[in-house]
file work31.txt (compact mmCIF, C-alpha atoms)
# COMPACT_ATOMS: atom_id res chain seq x y z
CA MET T 1 15.75 -17.37 12.80
CA ARG T 2 12.37 -16.89 14.49
CA GLU T 3 9.60 -19.42 13.96
CA ILE T 4 5.93 -18.49 13.57
CA GLN T 5 3.33 -21.22 13.31
CA ALA T 6 0.96 -21.14 10.37
CA GLY T 7 -1.96 -21.71 12.72
CA ASP T 8 -1.15 -18.50 14.58
CA VAL T 9 -1.20 -16.61 11.28
CA ALA T 10 -4.63 -18.06 10.43
CA ASN T 11 -6.03 -17.13 13.84
CA ILE T 12 -4.79 -13.53 13.60
CA VAL T 13 -6.10 -13.07 10.05
CA ALA T 14 -9.52 -14.40 11.09
CA ARG T 15 -9.67 -12.01 14.04
CA LEU T 16 -8.53 -9.02 11.96
CA PHE T 17 -11.18 -9.48 9.29
CA GLU T 18 -14.00 -10.10 11.73
CA HIS T 19 -13.07 -7.09 13.88
CA SER T 20 -12.42 -4.75 10.93
CA CYS T 21 -15.85 -5.44 9.46
CA HIS T 22 -17.54 -4.57 12.77
CA TYR T 23 -15.48 -1.59 13.96
CA LEU T 24 -14.34 1.47 12.02
CA PRO T 25 -10.81 2.74 12.86
CA PRO T 26 -10.81 5.65 15.35
CA ASP T 27 -9.10 8.05 12.92
CA VAL T 28 -11.83 7.46 10.33
CA ILE T 29 -14.55 8.11 12.92
CA ILE T 30 -12.83 11.36 13.91
CA ALA T 31 -12.58 12.39 10.24
CA LEU T 32 -16.30 11.69 9.73
CA LYS T 33 -17.18 13.78 12.78
CA GLN T 34 -14.97 16.60 11.52
CA ALA T 35 -16.66 16.35 8.11
CA ARG T 36 -20.03 16.65 9.82
CA GLU T 37 -18.87 19.89 11.49
CA LYS T 38 -17.54 21.32 8.21
CA GLU T 39 -20.55 20.31 6.13
CA LYS T 40 -22.77 23.22 5.07
CA SER T 41 -25.55 21.17 3.49
CA PRO T 42 -28.33 20.19 5.96
CA VAL T 43 -29.06 17.08 3.91
CA CYS T 44 -25.43 15.94 3.94
CA ARG T 45 -25.13 16.67 7.66
CA ASP T 46 -28.08 14.36 8.19
CA VAL T 47 -26.45 11.71 5.99
CA LEU T 48 -23.24 11.93 8.04
CA ASP T 49 -25.30 11.64 11.23
CA ARG T 50 -26.84 8.43 9.88
CA ILE T 51 -23.38 7.11 8.93
CA LEU T 52 -22.06 7.79 12.44
CA GLU T 53 -25.16 6.18 13.95
CA ASN T 54 -24.55 3.15 11.77
CA VAL T 55 -20.95 2.95 13.01
CA GLU T 56 -22.11 3.05 16.63
CA ILE T 57 -24.75 0.36 16.14
CA ALA T 58 -22.34 -1.94 14.26
CA GLY T 59 -19.83 -1.76 17.11
CA LYS T 60 -22.38 -2.32 19.86
CA GLU T 61 -24.17 -5.18 18.11
CA GLN T 62 -21.02 -6.60 16.47
CA ILE T 63 -22.63 -6.65 13.06
CA PRO T 64 -21.09 -5.60 9.74
CA LEU T 65 -20.68 -1.88 9.12
CA CYS T 66 -21.78 -2.52 5.52
CA GLN T 67 -23.50 -5.43 3.82
CA ASP T 68 -20.59 -5.55 1.35
CA THR T 69 -17.83 -7.00 3.50
CA GLY T 70 -15.49 -6.87 0.54
CA ALA T 71 -12.73 -8.76 -1.14
CA ALA T 72 -10.11 -9.86 1.38
CA VAL T 73 -7.02 -7.79 0.65
CA VAL T 74 -4.01 -8.79 2.78
CA MET T 75 -0.66 -7.00 2.83
CA LEU T 76 2.23 -8.81 4.50
CA GLU T 77 5.60 -7.47 5.62
CA LEU T 78 7.61 -10.63 6.17
CA GLY T 79 10.88 -10.30 8.08
CA GLN T 80 13.69 -12.15 6.35
CA GLU T 81 14.55 -13.83 9.66
CA VAL T 82 11.07 -15.37 10.00
CA HIS T 83 10.36 -19.01 9.25
CA ILE T 84 6.72 -20.13 8.92
CA THR T 85 6.31 -23.60 10.41
CA GLN T 86 3.60 -26.28 10.33
CA GLY T 87 2.14 -25.03 7.08
CA ASP T 88 2.33 -22.63 4.17
CA LEU T 89 1.99 -18.86 4.71
CA TYR T 90 -0.55 -18.19 1.96
CA THR T 91 -2.58 -21.27 2.88
CA ALA T 92 -2.69 -19.96 6.45
CA VAL T 93 -3.84 -16.52 5.30
CA ASN T 94 -6.65 -18.03 3.25
CA GLU T 95 -7.66 -20.27 6.15
CA GLY T 96 -7.87 -17.17 8.32
CA VAL T 97 -10.09 -15.45 5.77
CA ARG T 98 -12.29 -18.54 5.61
CA GLN T 99 -12.65 -18.67 9.40
CA GLY T 100 -13.17 -14.95 9.86
CA TYR T 101 -15.87 -14.61 7.25
CA ASP T 102 -17.65 -17.69 8.57
CA LYS T 103 -17.47 -16.86 12.27
CA GLY T 104 -18.32 -13.20 11.72
CA TYR T 105 -21.28 -13.96 9.46
CA LEU T 106 -19.66 -11.77 6.80
CA ARG T 107 -20.91 -11.80 3.23
CA LYS T 108 -18.89 -13.99 0.88
CA SER T 109 -18.45 -12.09 -2.37
CA ILE T 110 -15.70 -13.86 -4.34
CA VAL T 111 -16.46 -15.79 -7.52
CA SER T 112 -14.05 -18.41 -8.84
CA GLN T 113 -14.21 -17.56 -12.55
CA PRO T 114 -14.46 -13.83 -13.33
CA CYS T 115 -15.48 -14.10 -16.99
CA PHE T 116 -17.84 -17.05 -17.27
CA ALA T 117 -19.86 -19.01 -14.69
CA ARG T 118 -18.98 -16.66 -11.77
CA VAL T 119 -19.66 -19.34 -9.15
CA ASN T 120 -19.26 -18.12 -5.55
CA THR T 121 -16.36 -19.76 -3.70
CA THR T 122 -18.60 -19.71 -0.56
CA ASP T 123 -15.82 -18.63 1.87
CA ASN T 124 -14.50 -15.35 0.37
CA THR T 125 -11.21 -16.94 -0.65
CA PRO T 126 -8.80 -16.65 -2.27
CA ALA T 127 -7.50 -13.50 -0.62
CA MET T 128 -5.65 -10.84 -2.62
CA ILE T 129 -2.22 -11.20 -0.98
CA HIS T 130 0.72 -8.83 -1.40
CA THR T 131 4.04 -9.57 0.31
CA ASP T 132 7.10 -7.40 0.98
CA ILE T 133 10.25 -9.01 2.33
CA VAL T 134 11.73 -6.71 4.98
CA SER T 135 14.50 -6.86 7.55
CA GLY T 136 13.89 -8.26 11.02
CA ASP T 137 12.13 -11.20 12.64
CA ARG T 138 8.51 -10.05 12.65
CA LEU T 139 5.50 -10.59 10.42
CA LYS T 140 3.19 -7.60 9.99
CA ILE T 141 -0.29 -8.41 8.68
CA SER T 142 -2.55 -5.64 7.37
CA VAL T 143 -6.05 -6.42 6.17
CA LEU T 144 -8.30 -4.31 4.00
CA PRO T 145 -11.84 -5.59 3.35
CA LYS T 146 -12.37 -3.80 0.02
CA GLY T 147 -15.94 -3.19 -1.08
CA GLY T 148 -16.92 -3.59 -4.72
CA GLY T 149 -18.57 -0.20 -5.13
CA SER T 150 -15.44 1.80 -4.36
CA GLU T 151 -13.10 -0.66 -6.07
CA ASN T 152 -15.13 -0.34 -9.27
CA CYS T 153 -14.24 3.36 -9.33
CA SER T 154 -10.48 2.75 -9.46
CA ARG T 155 -8.60 3.84 -12.56
CA LEU T 156 -5.14 3.66 -14.13
CA THR T 157 -3.52 5.85 -16.74
CA VAL T 158 -0.02 6.52 -18.00
CA LEU T 159 0.71 10.21 -18.35
CA THR T 160 3.68 11.67 -20.14
CA PRO T 161 6.32 13.34 -17.98
CA THR T 162 5.37 16.70 -19.50
CA ASP T 163 1.85 16.34 -18.04
CA GLY T 164 3.52 16.83 -14.69
CA ARG T 165 1.85 17.73 -11.41
CA GLN T 166 -1.15 19.37 -13.07
CA GLY T 167 -1.81 16.28 -15.13
CA VAL T 168 -2.02 14.19 -11.96
CA ILE T 169 -4.40 16.65 -10.31
CA ASP T 170 -6.67 16.81 -13.35
CA PHE T 171 -6.80 13.01 -13.71
CA VAL T 172 -7.78 12.43 -10.09
CA VAL T 173 -10.31 15.28 -9.87
CA ASN T 174 -11.96 14.39 -13.19
CA LEU T 175 -12.30 10.77 -12.05
CA VAL T 176 -14.01 11.77 -8.80
CA ASP T 177 -16.35 14.00 -10.77
CA GLU T 178 -17.10 11.15 -13.20
CA VAL T 179 -17.91 8.50 -10.58
CA GLY T 180 -20.00 10.84 -8.42
CA SER T 181 -21.89 9.00 -5.69
CA ASN T 182 -20.88 5.49 -6.82
CA PRO T 183 -17.98 5.01 -4.35
CA CYS T 184 -20.19 6.08 -1.38
CA PRO T 185 -18.59 9.39 -0.39
CA PRO T 186 -17.11 10.91 1.63
CA VAL T 187 -14.21 8.93 0.20
CA ILE T 188 -10.56 8.43 0.90
CA ILE T 189 -8.56 8.63 -2.31
CA GLY T 190 -5.41 6.54 -2.69
CA VAL T 191 -3.11 7.74 -5.47
CA GLY T 192 -0.04 5.92 -6.76
CA ILE T 193 2.42 7.76 -9.00
CA GLY T 194 5.40 6.11 -10.67
CA GLY T 195 6.87 2.67 -11.01
CA THR T 196 5.21 0.57 -13.70
CA THR T 197 1.44 0.23 -14.13
CA ASP T 198 1.20 -2.69 -11.70
CA LYS T 199 3.36 -0.92 -9.11
CA ALA T 200 1.28 2.26 -9.35
CA MET T 201 -1.93 0.31 -8.73
CA PHE T 202 -0.40 -1.44 -5.73
CA ILE T 203 0.91 1.69 -4.01
CA ALA T 204 -2.42 3.44 -4.63
CA LYS T 205 -4.16 0.70 -2.64
CA LYS T 206 -1.39 0.60 -0.03
CA ALA T 207 -1.92 4.35 0.49
CA LEU T 208 -5.35 3.51 1.95
CA LEU T 209 -3.66 1.92 4.97
CA ARG T 210 -2.35 5.31 6.08
CA GLN T 211 -4.24 7.05 8.87
CA VAL T 212 -6.57 9.78 7.65
CA SER T 213 -4.78 12.43 9.73
CA GLU T 214 -1.34 11.45 8.38
CA PRO T 215 -0.06 13.49 5.39
CA SER T 216 2.90 12.39 3.31
CA PRO T 217 6.26 13.03 4.99
CA ASP T 218 7.45 14.52 1.68
CA PRO T 219 6.46 18.22 1.67
CA GLU T 220 5.93 18.33 -2.10
CA VAL T 221 3.71 15.24 -2.01
CA ALA T 222 1.81 16.56 1.02
CA ASP T 223 1.18 19.81 -0.88
CA LEU T 224 -0.13 17.80 -3.84
CA GLU T 225 -2.45 15.86 -1.52
CA GLY T 226 -3.83 19.10 -0.13
CA GLU T 227 -4.50 20.63 -3.53
CA ILE T 228 -6.25 17.52 -4.85
CA LEU T 229 -8.39 17.35 -1.70
CA GLU T 230 -9.40 20.99 -2.03
CA ARG T 231 -10.36 20.62 -5.68
CA VAL T 232 -12.28 17.39 -5.02
CA ASN T 233 -14.28 19.01 -2.23
CA ASN T 234 -15.04 21.95 -4.48
CA LEU T 235 -16.89 19.58 -6.82
CA GLY T 236 -19.91 19.71 -4.51
CA ILE T 237 -20.75 15.98 -4.69
CA GLY T 238 -21.05 15.62 -0.92
CA ALA T 239 -21.91 12.70 1.34
CA MET T 240 -23.51 9.87 -0.65
CA GLY T 241 -23.81 12.26 -3.59
CA TYR T 242 -26.45 14.55 -2.08
CA GLY T 243 -24.50 17.70 -2.91
CA GLY T 244 -22.39 19.16 -0.14
CA THR T 245 -19.12 20.53 1.16
CA VAL T 246 -17.21 17.32 1.94
CA THR T 247 -16.76 14.78 -0.85
CA ALA T 248 -13.43 13.37 0.38
CA LEU T 249 -12.00 12.91 3.87
CA ALA T 250 -8.42 12.65 2.64
CA VAL T 251 -6.13 12.15 -0.34
CA HIS T 252 -3.14 9.85 0.22
CA VAL T 253 -0.43 9.93 -2.45
CA GLU T 254 2.42 7.43 -2.67
CA THR T 255 5.23 7.75 -5.23
CA PHE T 256 7.87 5.43 -6.68
CA PRO T 257 10.74 5.98 -9.16
CA CYS T 258 9.78 5.35 -12.78
CA HIS T 259 11.09 5.19 -16.35
CA ILE T 260 12.20 8.45 -17.97
CA ALA T 261 9.54 8.10 -20.69
CA SER T 262 6.45 7.51 -18.56
CA MET T 263 4.48 8.54 -15.48
CA PRO T 264 1.92 5.93 -14.42
CA VAL T 265 -0.87 7.28 -12.21
CA ALA T 266 -3.34 5.03 -10.39
CA VAL T 267 -6.33 5.90 -8.23
CA ASN T 268 -7.88 3.52 -5.73
CA MET T 269 -11.07 4.81 -4.13
CA GLN T 270 -12.15 3.92 -0.61
CA CYS T 271 -15.70 4.55 0.57
CA TRP T 272 -16.54 6.17 3.91
CA CYS T 273 -16.49 2.65 5.38
CA ALA T 274 -12.69 2.62 5.38
CA ARG T 275 -12.11 -0.68 7.16
CA ARG T 276 -8.58 -1.76 7.98
CA GLU T 277 -6.72 -3.59 10.77
CA GLU T 278 -3.16 -4.71 11.39
CA ALA T 279 -1.20 -6.94 13.74
CA ILE T 280 2.45 -7.84 14.23
CA LEU T 281 3.58 -11.36 15.10
call {"tool": "encode", "arguments": {"input": "work31.txt", "output": "structure tokens"}}
result
Amino acid sequence: MREIQAGDVANIVARLFEHSCHYLPPDVIIALKQAREKEKSPVCRDVLDRILENVEIAGKEQIPLCQDTGAAVVMLELGQEVHITQGDLYTAVNEGVRQGYDKGYLRKSIVSQPCFARVNTTDNTPAMIHTDIVSGDRLKISVLPKGGGSENCSRLTVLTPTDGRQGVIDFVVNLVDEVGSNPCPPVIIGVGIGGTTDKAMFIAKKALLRQVSEPSPDPEVADLEGEILERVNNLGIGAMGYGGTVTALAVHVETFPCHIASMPVAVNMQCWCARREEAIL
């Protein structure tokens, strides 16, 4: 049994959120630069130039990439041989969020009661925590500051098995067409297929942790990702909705076994500001 102190978890979570809100991952920067080269619209090329300039300034000045520093989504892979000491794991995660958003001068966007008073919690907690128990003696922490604009464009449906592959493609492409510029394209599209409705939504969001240059290892799924991406980019929405060649940087599809009578499909949109960080303790 390996011991990890709760205070160490809090410190890492704080650092991950602060850093992820100031620095875009290298693979996302590369994808944006490649999109700029592919883009045929002069207006959208200029928009992508401004986005890349924004990324550079945020890193140099250590200021947020976007004013919406998101809901604090945290995905944990907890080794079954790990014991958290001197505190509770979830309490430590939330303390890390509190510290990171305070020290980094990040906007606090969480309200305590979603339906009524909607009073701000003032520290961006509680975090949205998802935990998988895995083998080993390590704790992997992945953070995803998830902006409201892109999250608002997420959708869930349950298709019939006879809808098949084409039904999935049509659902995703029609959604992107419907939401237009709202998720701040060029987007990354996370798609979850299978499981139950809650599982599909989770794996759609988890798909956003994958590097932009990393297709599914399953050839059939990778082919599906490619076709959805092509059809999305043929919509002509373009960067920030100005009408151009590149509407999406990538489509990431994750699948899970499901009931014989159903085929849940979830879409979780990510804006161009695809912030994410991870660490292993």
call {"tool": "atom_distance", "arguments": {"input": "work31.txt", "atom1": "CA of Arg36 in chain T", "atom2": "CA of Pro183 in chain T"}}
result
18.5 Å
call {"tool": "residues_around", "arguments": {"input": "work31.txt", "residues": "Thr196 in chain T", "least_positions_apart": "5", "cutoff": "10 Å", "atoms": "all atoms listed in the file", "output": "VMD selection string"}}
result
chain T and resid 158 201 to 202 256 to 259 262 to 265
call {"tool": "residues_around", "arguments": {"input": "work31.txt", "residues": "Ile203 in chain T", "least_positions_apart": "4", "cutoff": "9 Å", "atoms": "only C-alpha atoms", "output": "PyMOL selection string"}}
result
chain T and resi 190-193+198-199+207-208+253-256+266
call {"tool": "atom_distance", "arguments": {"input": "work31.txt", "atom1": "CA of Gly149 in chain T", "atom2": "CA of Ser216 in chain T"}}
result
26.3 Å
call {"tool": "closest_residue", "arguments": {"input": "work31.txt", "among": "T:Ile280, T:Lys108, T:Met240, T:Leu229", "to": "Thr121 in chain T", "atoms": "only C-alpha atoms"}}
result
T:Lys108
call {"tool": "residues_around", "arguments": {"input": "work31.txt", "residues": "Leu235 in chain T", "least_positions_apart": "5", "cutoff": "12 Å", "atoms": "only C-alpha atoms", "output": "VMD selection string"}}
result
chain T and resid 173 to 181 228 to 230 241 to 248
call {"tool": "residues_around", "arguments": {"input": "work31.txt", "residues": "Val13 in chain T", "least_positions_apart": "4", "cutoff": "10 Å", "atoms": "only C-alpha atoms", "output": "PyMOL selection string"}}
result
chain T and resi 7-9+17-19+74+92-100+141-143+277-279
call {"tool": "atom_distance", "arguments": {"input": "work31.txt", "atom1": "CA of Ala239 in chain T", "atom2": "CA of Ala71 in chain T"}}
result
23.5 Å
call {"tool": "closest_residue", "arguments": {"input": "work31.txt", "among": "T:Asn182, T:Asn233, T:Gln166, T:Thr131", "to": "Met75 in chain T", "atoms": "only C-alpha atoms"}}
result
T:Thr131
call {"tool": "residues_around", "arguments": {"input": "work31.txt", "residues": "Ile133 in chain T", "least_positions_apart": "4", "cutoff": "9 Å", "atoms": "all atoms listed in the file", "output": "short mmCIF file (atom, residue, chain, number, x, y, z; two decimals) with C-alpha atoms, keeping the file's coordinate frame"}}
result
data_model
loop_
_atom_site.label_atom_id
_atom_site.label_comp_id
_atom_site.auth_asym_id
_atom_site.auth_seq_id
_atom_site.Cartn_x
_atom_site.Cartn_y
_atom_site.Cartn_z
CA LEU T 76 2.23 -8.81 4.50
CA GLU T 77 5.60 -7.47 5.62
CA LEU T 78 7.61 -10.63 6.17
CA GLY T 79 10.88 -10.30 8.08
CA GLN T 80 13.69 -12.15 6.35
#
call {"tool": "residues_near_point", "arguments": {"input": "work31.txt", "point": "(-25.9, -0.4, 3.5)", "cutoff": "10 Å", "atoms": "all atoms listed in the file", "output": "ChimeraX atom specification"}}
result
/T:51,54,64-68,184
call {"tool": "closest_residue", "arguments": {"input": "work31.txt", "among": "T:Gly238, T:Pro114, T:Gln5, T:Asn152", "to": "Ala35 in chain T", "atoms": "all atoms listed in the file"}}
result
T:Gly238
call {"tool": "closest_residue", "arguments": {"input": "work31.txt", "among": "T:Ile189, T:Ala117, T:Val55, T:Leu16", "to": "Val232 in chain T", "atoms": "all atoms listed in the file"}}
result
T:Ile189
call {"tool": "closest_residue", "arguments": {"input": "work31.txt", "among": "T:Gln211, T:Gly104, T:Gly194, T:Asn120", "to": "Arg276 in chain T", "atoms": "all atoms listed in the file"}}
result
T:Gln211
call {"tool": "closest_residue", "arguments": {"input": "work31.txt", "among": "T:Asn268, T:Thr197, T:Thr125, T:Ser135", "to": "Thr157 in chain T", "atoms": "all atoms listed in the file"}}
result
T:Thr197
